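Listing of target.pdb, PDB, C-alpha atoms
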ATOM      1  CA  GLY A   1      89.959-111.011  20.114
ATOM      2  CA  ALA A   2      93.583-111.224  21.283
ATOM      3  CA  VAL A   3      94.086-107.541  22.025
ATOM      4  CA  VAL A   4      97.173-106.214  23.758
ATOM      5  CA  SER A   5      96.919-102.771  25.304
ATOM      6  CA  GLN A   6     100.138-100.803  25.823
ATOM      7  CA  HIS A   7     100.446 -97.574  27.800
ATOM      8  CA  PRO A   8     101.541 -94.888  27.614
ATOM      9  CA  SER A   9     101.749 -94.329  23.881
ATOM     10  CA  ARG A  10     104.165 -91.446  24.324
ATOM     11  CA  VAL A  11     106.268 -90.307  27.254
ATOM     12  CA  ILE A  12     108.875 -87.619  27.698
ATOM     13  CA  CYS A  13     111.055 -87.808  30.768
ATOM     14  CA  LYS A  14     114.091 -86.058  32.169
ATOM     15  CA  SER A  15     117.455 -87.729  32.119
ATOM     16  CA  GLY A  16     118.043 -89.750  35.275
ATOM     17  CA  THR A  17     114.402 -90.527  35.979
ATOM     18  CA  SER A  18     112.609 -93.850  35.547
ATOM     19  CA  VAL A  19     109.711 -94.657  33.266
ATOM     20  CA  LYS A  20     107.266 -97.559  33.475
ATOM     21  CA  ILE A  21     105.527 -98.995  30.430
ATOM     22  CA  GLU A  22     102.557-101.319  30.846
ATOM     23  CA  CYS A  23     101.374-104.074  28.566
ATOM     24  CA  ARG A  24      98.058-105.809  29.195
ATOM     25  CA  SER A  25      96.415-108.696  27.413
ATOM     26  CA  LEU A  26      92.739-107.722  27.443
ATOM     27  CA  ASP A  27      90.878-110.870  26.452
ATOM     28  CA  PHE A  28      93.325-113.691  26.925
ATOM     29  CA  GLN A  29      95.920-114.882  29.376
ATOM     30  CA  ALA A  30      99.506-114.396  28.330
ATOM     31  CA  THR A  31     101.967-116.598  30.161
ATOM     32  CA  THR A  32     104.721-115.196  27.984
ATOM     33  CA  MET A  33     105.233-111.629  26.835
ATOM     34  CA  PHE A  34     108.066-110.161  24.818
ATOM     35  CA  TRP A  35     109.582-106.693  24.812
ATOM     36  CA  TYR A  36     111.088-105.203  21.685
ATOM     37  CA  ARG A  37     112.950-102.000  20.966
ATOM     38  CA  GLN A  38     112.846-100.198  17.644
ATOM     39  CA  PHE A  39     115.056 -97.298  16.570
ATOM     40  CA  PRO A  40     113.834 -94.924  13.824
ATOM     41  CA  LYS A  41     113.662 -96.623  10.445
ATOM     42  CA  LYS A  42     115.092 -99.800  11.919
ATOM     43  CA  SER A  43     113.776-103.238  12.702
ATOM     44  CA  LEU A  44     112.381-104.555  15.964
ATOM     45  CA  MET A  45     114.988-106.066  18.243
ATOM     46  CA  LEU A  46     113.965-108.497  20.961
ATOM     47  CA  MET A  47     115.070-107.230  24.357
ATOM     48  CA  ALA A  48     113.646-109.789  26.746
ATOM     49  CA  THR A  49     111.141-112.525  27.302
ATOM     50  CA  SER A  50     108.825-112.102  30.258
ATOM     51  CA  ASN A  51     107.352-115.172  31.925
ATOM     52  CA  GLU A  52     104.535-114.909  34.438
ATOM     53  CA  GLY A  53     105.760-115.581  37.941
ATOM     54  CA  SER A  54     109.436-115.920  37.090
ATOM     55  CA  LYS A  55     112.414-113.824  36.135
ATOM     56  CA  ALA A  56     112.656-112.398  32.663
ATOM     57  CA  THR A  57     115.153-113.713  30.160
ATOM     58  CA  TYR A  58     117.229-110.974  28.574
ATOM     59  CA  GLU A  59     118.850-111.015  25.150
ATOM     60  CA  GLN A  60     122.581-110.611  24.909
ATOM     61  CA  GLY A  61     123.657-107.027  25.341
ATOM     62  CA  VAL A  62     120.505-105.860  27.130
ATOM     63  CA  GLU A  63     121.162-104.527  30.636
ATOM     64  CA  LYS A  64     118.756-106.233  33.009
ATOM     65  CA  ASP A  65     119.369-103.641  35.719
ATOM     66  CA  LYS A  66     118.414-100.820  33.380
ATOM     67  CA  PHE A  67     115.379-102.500  31.823
ATOM     68  CA  LEU A  68     113.400-104.025  34.675
ATOM     69  CA  ILE A  69     110.655-106.403  33.646
ATOM     70  CA  ASN A  70     107.855-107.602  35.877
ATOM     71  CA  HIS A  71     105.187-110.122  34.891
ATOM     72  CA  ALA A  72     103.215-110.548  38.076
ATOM     73  CA  SER A  73      99.961-111.703  36.520
ATOM     74  CA  LEU A  74      98.771-113.525  33.438
ATOM     75  CA  THR A  75      97.506-110.289  31.905
ATOM     76  CA  LEU A  76     100.103-107.687  32.831
ATOM     77  CA  SER A  77     103.780-107.192  32.085
ATOM     78  CA  THR A  78     105.677-103.987  32.803
ATOM     79  CA  LEU A  79     108.967-102.612  31.525
ATOM     80  CA  THR A  80     110.692 -99.994  33.652
ATOM     81  CA  VAL A  81     113.512 -98.014  32.101
ATOM     82  CA  THR A  82     115.603 -96.964  35.089
ATOM     83  CA  SER A  83     117.846 -93.903  35.222
ATOM     84  CA  ALA A  84     116.921 -93.099  31.656
ATOM     85  CA  HIS A  85     119.387 -91.324  29.385
ATOM     86  CA  PRO A  86     118.932 -89.795  25.928
ATOM     87  CA  GLU A  87     120.345 -92.925  24.289
ATOM     88  CA  ASP A  88     117.405 -94.876  25.755
ATOM     89  CA  SER A  89     115.044 -92.841  23.603
ATOM     90  CA  SER A  90     113.330 -95.315  21.326
ATOM     91  CA  PHE A  91     110.064 -97.005  20.399
ATOM     92  CA  TYR A  92     109.287 -99.866  22.800
ATOM     93  CA  ILE A  93     106.775-102.522  21.800
ATOM     94  CA  CYS A  94     105.388-105.444  23.752
ATOM     95  CA  SER A  95     103.998-108.651  22.345
ATOM     96  CA  ALA A  96     102.086-111.547  23.850
ATOM     97  CA  ARG A  97     101.888-115.172  22.777
ATOM     98  CA  ARG A  98      98.452-116.351  21.788
ATOM     99  CA  THR A  99      97.137-119.885  21.632
ATOM    100  CA  GLY A 100      99.015-121.578  18.847
ATOM    101  CA  PRO A 101     102.017-119.881  17.267
ATOM    102  CA  GLY A 102     100.616-116.384  16.993
ATOM    103  CA  TYR A 103     101.840-113.187  18.582
ATOM    104  CA  THR A 104      99.814-110.050  19.247
ATOM    105  CA  PHE A 105     101.589-106.712  19.492
ATOM    106  CA  GLY A 106     100.845-103.641  21.515
ATOM    107  CA  SER A 107     100.665-100.244  19.862
ATOM    108  CA  GLY A 108     104.075 -99.205  21.140
ATOM    109  CA  THR A 109     105.472 -96.500  23.424
ATOM    110  CA  ARG A 110     107.557 -93.648  22.106
ATOM    111  CA  LEU A 111     110.058 -92.756  24.846
ATOM    112  CA  THR A 112     111.949 -89.490  24.611
ATOM    113  CA  VAL A 113     114.551 -88.723  27.269
ATOM    114  CA  VAL A 114     115.587 -85.077  27.467
TER     115      VAL A 114
ATOM    116  CA  GLY B   1     120.580-117.795  16.947
ATOM    117  CA  GLU B   2     118.236-117.044  14.108
ATOM    118  CA  ASN B   3     119.146-114.524  11.407
ATOM    119  CA  VAL B   4     116.525-113.172   9.013
ATOM    120  CA  GLU B   5     117.515-111.300   5.872
ATOM    121  CA  GLN B   6     114.919-109.232   4.001
ATOM    122  CA  HIS B   7     115.006-107.667   0.546
ATOM    123  CA  PRO B   8     114.505-105.146  -0.867
ATOM    124  CA  SER B   9     114.776-102.389   1.713
ATOM    125  CA  THR B  10     112.632-100.110  -0.453
ATOM    126  CA  LEU B  11     110.132-101.096  -3.126
ATOM    127  CA  SER B  12     108.194 -98.696  -5.285
ATOM    128  CA  VAL B  13     105.415-100.035  -7.515
ATOM    129  CA  GLN B  14     102.617 -98.529  -9.545
ATOM    130  CA  GLU B  15      99.143 -98.785  -8.125
ATOM    131  CA  GLY B  16      97.526-101.961  -9.383
ATOM    132  CA  ASP B  17     100.814-103.785  -9.923
ATOM    133  CA  SER B  18     102.123-106.606  -7.748
ATOM    134  CA  ALA B  19     104.757-106.350  -5.038
ATOM    135  CA  VAL B  20     107.039-109.133  -3.856
ATOM    136  CA  ILE B  21     109.211-109.063  -0.743
ATOM    137  CA  LYS B  22     111.632-111.864   0.006
ATOM    138  CA  CYS B  23     113.182-113.173   3.212
ATOM    139  CA  THR B  24     115.668-115.867   4.122
ATOM    140  CA  TYR B  25     116.257-117.424   7.512
ATOM    141  CA  SER B  26     119.117-119.381   8.989
ATOM    142  CA  ASP B  27     117.680-121.583  11.742
ATOM    143  CA  SER B  28     116.238-124.796  10.326
ATOM    144  CA  ALA B  29     114.297-125.225  13.597
ATOM    145  CA  SER B  30     112.183-122.133  12.858
ATOM    146  CA  ASN B  31     108.654-123.188  12.068
ATOM    147  CA  TYR B  32     106.524-120.057  12.123
ATOM    148  CA  PHE B  33     106.839-117.188   9.646
ATOM    149  CA  PRO B  34     104.589-114.156  10.029
ATOM    150  CA  TRP B  35     104.499-110.965   8.009
ATOM    151  CA  TYR B  36     103.706-107.645   9.647
ATOM    152  CA  LYS B  37     102.675-104.260   8.320
ATOM    153  CA  GLN B  38     103.772-101.268  10.350
ATOM    154  CA  GLU B  39     102.562 -97.732   9.861
ATOM    155  CA  LEU B  40     104.448 -94.779  11.278
ATOM    156  CA  GLY B  41     104.277 -94.570  15.051
ATOM    157  CA  LYS B  42     102.238 -97.735  15.449
ATOM    158  CA  GLY B  43     102.850-101.308  16.470
ATOM    159  CA  PRO B  44     103.164-104.056  13.853
ATOM    160  CA  GLN B  45      99.967-105.571  12.533
ATOM    161  CA  LEU B  46      99.908-109.193  11.404
ATOM    162  CA  ILE B  47      98.814-109.490   7.790
ATOM    163  CA  ILE B  48      99.505-113.153   7.104
ATOM    164  CA  ASP B  49     101.502-116.019   8.546
ATOM    165  CA  ILE B  50     102.571-119.483   7.526
ATOM    166  CA  ARG B  51     103.758-122.559   9.365
ATOM    167  CA  SER B  52     106.515-124.820   8.195
ATOM    168  CA  ASN B  53     104.156-127.648   7.275
ATOM    169  CA  VAL B  54     102.539-125.507   4.565
ATOM    170  CA  GLY B  55     104.086-124.282   1.313
ATOM    171  CA  GLU B  56     101.676-121.502   0.435
ATOM    172  CA  LYS B  57      98.880-119.525   1.989
ATOM    173  CA  LYS B  58      96.607-116.913   0.462
ATOM    174  CA  ASP B  59      94.241-114.332   1.873
ATOM    175  CA  GLN B  60      92.551-112.211  -0.790
ATOM    176  CA  ARG B  61      95.285-109.993  -2.331
ATOM    177  CA  ILE B  62      98.014-111.281  -0.047
ATOM    178  CA  ALA B  63      99.899-114.549  -0.315
ATOM    179  CA  VAL B  64     102.956-116.049   1.330
ATOM    180  CA  THR B  65     105.123-118.862   0.004
ATOM    181  CA  LEU B  66     107.615-120.914   1.972
ATOM    182  CA  ASN B  67     110.502-123.029   0.727
ATOM    183  CA  LYS B  68     111.840-124.937   3.717
ATOM    184  CA  THR B  69     114.658-126.542   1.793
ATOM    185  CA  ALA B  70     116.041-123.213   0.664
ATOM    186  CA  LYS B  71     114.996-121.495   3.906
ATOM    187  CA  HIS B  72     113.245-118.627   2.233
ATOM    188  CA  PHE B  73     109.754-117.209   2.226
ATOM    189  CA  SER B  74     108.105-114.446   0.268
ATOM    190  CA  LEU B  75     105.193-112.046   0.536
ATOM    191  CA  HIS B  76     103.128-111.333  -2.566
ATOM    192  CA  ILE B  77     100.676-108.454  -2.739
ATOM    193  CA  THR B  78      98.565-108.228  -5.892
ATOM    194  CA  GLU B  79      96.520-105.302  -7.200
ATOM    195  CA  THR B  80      98.329-102.906  -4.883
ATOM    196  CA  GLN B  81      96.459 -99.926  -3.491
ATOM    197  CA  PRO B  82      97.675 -96.655  -1.946
ATOM    198  CA  GLU B  83      96.735 -97.908   1.517
ATOM    199  CA  ASP B  84      99.229-100.735   1.096
ATOM    200  CA  SER B  85     102.032 -98.174   1.499
ATOM    201  CA  ALA B  86     103.824 -98.978   4.765
ATOM    202  CA  VAL B  87     106.847-100.798   6.142
ATOM    203  CA  TYR B  88     106.585-104.582   5.971
ATOM    204  CA  PHE B  89     108.555-106.928   8.200
ATOM    205  CA  CYS B  90     109.061-110.639   7.875
ATOM    206  CA  ALA B  91     109.866-112.655  10.983
ATOM    207  CA  ALA B  92     110.671-116.163  12.096
ATOM    208  CA  SER B  93     110.438-118.120  15.308
ATOM    209  CA  ARG B  94     110.432-121.598  16.771
ATOM    210  CA  ALA B  95     106.978-120.937  18.065
ATOM    211  CA  GLY B  96     105.874-124.530  18.232
ATOM    212  CA  GLY B  97     108.139-125.372  21.129
ATOM    213  CA  GLY B  98     109.166-123.037  23.912
ATOM    214  CA  ALA B  99     108.700-119.353  24.496
ATOM    215  CA  ASP B 100     110.813-117.983  21.669
ATOM    216  CA  GLY B 101     110.297-114.457  20.504
ATOM    217  CA  LEU B 102     110.340-113.361  16.892
ATOM    218  CA  THR B 103     113.444-112.515  14.902
ATOM    219  CA  PHE B 104     112.606-109.787  12.417
ATOM    220  CA  GLY B 105     114.015-108.860   9.056
ATOM    221  CA  LYS B 106     115.163-105.276   8.556
ATOM    222  CA  GLY B 107     111.944-104.241   6.868
ATOM    223  CA  THR B 108     110.808-103.135   3.416
ATOM    224  CA  HIS B 109     109.398 -99.708   2.806
ATOM    225  CA  LEU B 110     106.679-100.287   0.214
ATOM    226  CA  ILE B 111     105.631 -97.235  -1.745
ATOM    227  CA  ILE B 112     102.579 -97.409  -3.975
ATOM    228  CA  GLN B 113     102.755 -94.798  -6.706
ATOM    229  CA  PRO B 114      99.324 -93.488  -7.778
TER     230      PRO B 114
END
Show the structure stored in the file as structure tokens.
Amino acid sequence: GAVVSQHPSRVICKSGTSVKIECRSLDFQATTMFWYRQFPKKSLMLMATSNEGSKATYEQGVEKDKFLINHASLTLSTLTVTSAHPEDSSFYICSARRTGPGYTFGSGTRLTVV
Amino acid sequence: GENVEQHPSTLSVQEGDSAVIKCTYSDSASNYFPWYKQELGKGPQLIIDIRSNVGEKKDQRIAVTLNKTAKHFSLHITETQPEDSAVYFCAASRAGGGADGLTFGKGTHLIIQP
């Protein structure tokens, strides 16, 4: 149980275009989802907290206009990287809160902007 | 905010020996401490977690200890096997209350030498 499905696993896009990443909780309802960013050989850094039906809360230094988060249902949160540039290339990972203190992670999306 | 320090950054042990990874945290309000294993190109997988009302937890070859007074917690892997080779992250959160995400340590690259 408690599976989080993240798609796509890999995406290559041209500079200036936008990319949408989806995160779905398959067998539970996730009122809160989190989006992390991970650079090669580095740790996961929390970007934003996504709450169903309300605006996302962004961590300091994360541009909310560049990283658009939508959490329209209890099972789906999306992250859209707008006007992507090579420096946005990274590994993006979503996570959903489970009942109790646990968190379940998606498998991640490798974004490469060329 | 929370700050999690993790050591060592790289740990090489002989197959069959034990491995210990240590973390410290700064926020005394943190009450949930999970450990994740991450393989290359994949999302983190929870291997064990501990809440602040418990001092130790064990699951087969893996154990975690928590010292709330000193604000540090450790991961112990006994009888290491080649498949234990991966990057391990400790994390902390105030998961009992609101919708806080996880703060991760910088990771430990565990190498099991055959």
Hey, list the chain A side of the contact with chain B: 9 Å cut-off, all atoms listed in the file, answer as a PyMOL selection string. chain A and resi 32-35+41-46+48-49+51+91+93-95+97+100-110
Quick check, in Å to one decimal: how far apart do CA of Gln6 (chain B) and CA of Gln60 (chain A) lie?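 Going from CA of Gln6 (chain B) over to CA of Gln60 (chain A) covers 22.3 Å.
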May I have the residues at most 6 Å from (116.6, -117.3, 13.9) in the file's coordinates, counting only C-alpha atoms, as a PyMOL selection string? chain B and resi 1-3+26-27+103
Check which residues satisfy the PyMOL selection byres ((chain A and resi 76-89) around 10) in the file shown, then give them as a PyMOL selection string. chain A and resi 4-7+11-26+29-35+37-39+48+50-52+64-75+90-96+110-114
For Asp59 (chain B), which of B:Ala29, B:Glu5, B:Thr78, B:Lys71 is the closest residue, counting all atoms listed in the file?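 Going through B:Ala29, B:Glu5, B:Thr78, B:Lys71 one by one, the smallest distance to Asp59 (chain B) is for B:Thr78.
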